[in-house]
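Data block below; observations after.
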Amino acid sequence: MSFREKSAWITLATVLICFGVYFGSIAGGVVSPRGFDTLHLLLLCVGGLVALQCVLHFAAGLTGDPRMPRDEREKLIQHRSHTAGYYTLMICVLALGVPGHLGHGAVDLMNFALLGLVVAALAVSVAQIVMFRRGG
């Protein structure tokens, strides 16, 4: 498995774990979506995401060469996956009009926007993994 495929798996797993905790605690009623405890949980989840990404990418760099130049296949995979992520993000941004018209407040809209960013990041990672597994 190449370093870039490992990187896609690391991104998929860490984003699912960290933001799964955040959105799961909001949906489960553990924290109020409008309190300072939610802000603190968000900061903790983002900090955990950064720490996990750094440690796991460092460990993946020890097993492979992250400085190896990208070949044409990897460049194509990167461009195609980012295109999929862009379209996913645009759909999520357009969908923000629905909760806006249903009367949700600004804090809820920010959480929906953050969910859209997370879904787009997951779409990029999944697209990269699928394309690496398929062979380009």
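Residues are referred to by chain and number: the chain letter is A, B, ... according to the order shown in the structure tokens, the number counts from 1 in that chain, and ligands are numbered separately from 1 in the order shown.
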Item to complete: Excluding segment 84-95 of chain A and residues on its chain fewer than 6 positions from it, collect all residues at most 6 Å away from it, counting only C-alpha atoms, and give them as a list in words.
Response: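 My reading of the contact set: Gly116, Ala120, Ala123 and Val124 of chain A.
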Serialized selection, N, CA, C and O atoms, as a short mmCIF file (atom, residue, chain, number, x, y, z; two decimals), in the first residue's frame:
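Final file, selection.cif:
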data_model
loop_
_atom_site.label_atom_id
_atom_site.label_comp_id
_atom_site.auth_asym_id
_atom_site.auth_seq_id
_atom_site.Cartn_x
_atom_site.Cartn_y
_atom_site.Cartn_z
N GLY A 116 -21.42 19.48 6.39
CA GLY A 116 -21.15 19.45 4.95
C GLY A 116 -19.67 19.35 4.64
O GLY A 116 -19.26 18.61 3.74
N ALA A 120 -17.85 16.19 2.78
CA ALA A 120 -17.00 16.40 1.61
C ALA A 120 -15.61 15.79 1.82
O ALA A 120 -15.05 15.17 0.91
N ALA A 123 -15.94 12.16 1.43
CA ALA A 123 -16.12 11.81 0.01
C ALA A 123 -14.78 11.77 -0.71
O ALA A 123 -14.53 10.88 -1.54
N VAL A 124 -13.89 12.73 -0.41
CA VAL A 124 -12.56 12.74 -1.02
C VAL A 124 -11.78 11.50 -0.62
O VAL A 124 -11.18 10.83 -1.46
#
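Shell of Phe132 of chain A at 10 Å, with only C-alpha atoms counted and residues fewer than 6 places along the chain excluded, is A:Met1, A:Ser2, A:Arg4, A:Glu5, A:Ala8, A:Arg73, A:Glu74, A:Ile77, A:Val126.
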Discussion item. If we count only C-alpha atoms and set the cut-off at 9 Å, which residues sit around segment 31-42 of chain A, ignoring sequence neighbours fewer than 5 positions away in its own chain? Please answer as a list in words.
Written reply: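 So, after excluding close chain neighbours, the residues are Phe19, Val21, Tyr22, Ser25, Ile26, Gly47, Val107, Asp108 and Asn111 of chain A.
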Practice prompt. Quick one: pick out all helix (DSSP H, G or I) residues within chain A from a backbone DSSP run and write them as a PyMOL selection string.
Written response: chain A and resi 3-27+36-63+72-95+97-101+106-134
Fill in: Contacts of Val15 of chain A within 8 Å, only C-alpha atoms, excl. fewer than 3 positions in-chain, as a list in words
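Final neighbour list, sorted by chain and number: Thr11, Leu12, Cys18, Phe19, Gly20, Leu49, Val118, Ala121 and Leu122 of chain A.
Checking A:Gln78, A:Thr63, A:Thr14, A:Gln53 one by one against Met131 of chain A, counting only C-alpha atoms, you find the shortest gap at A:Gln78.
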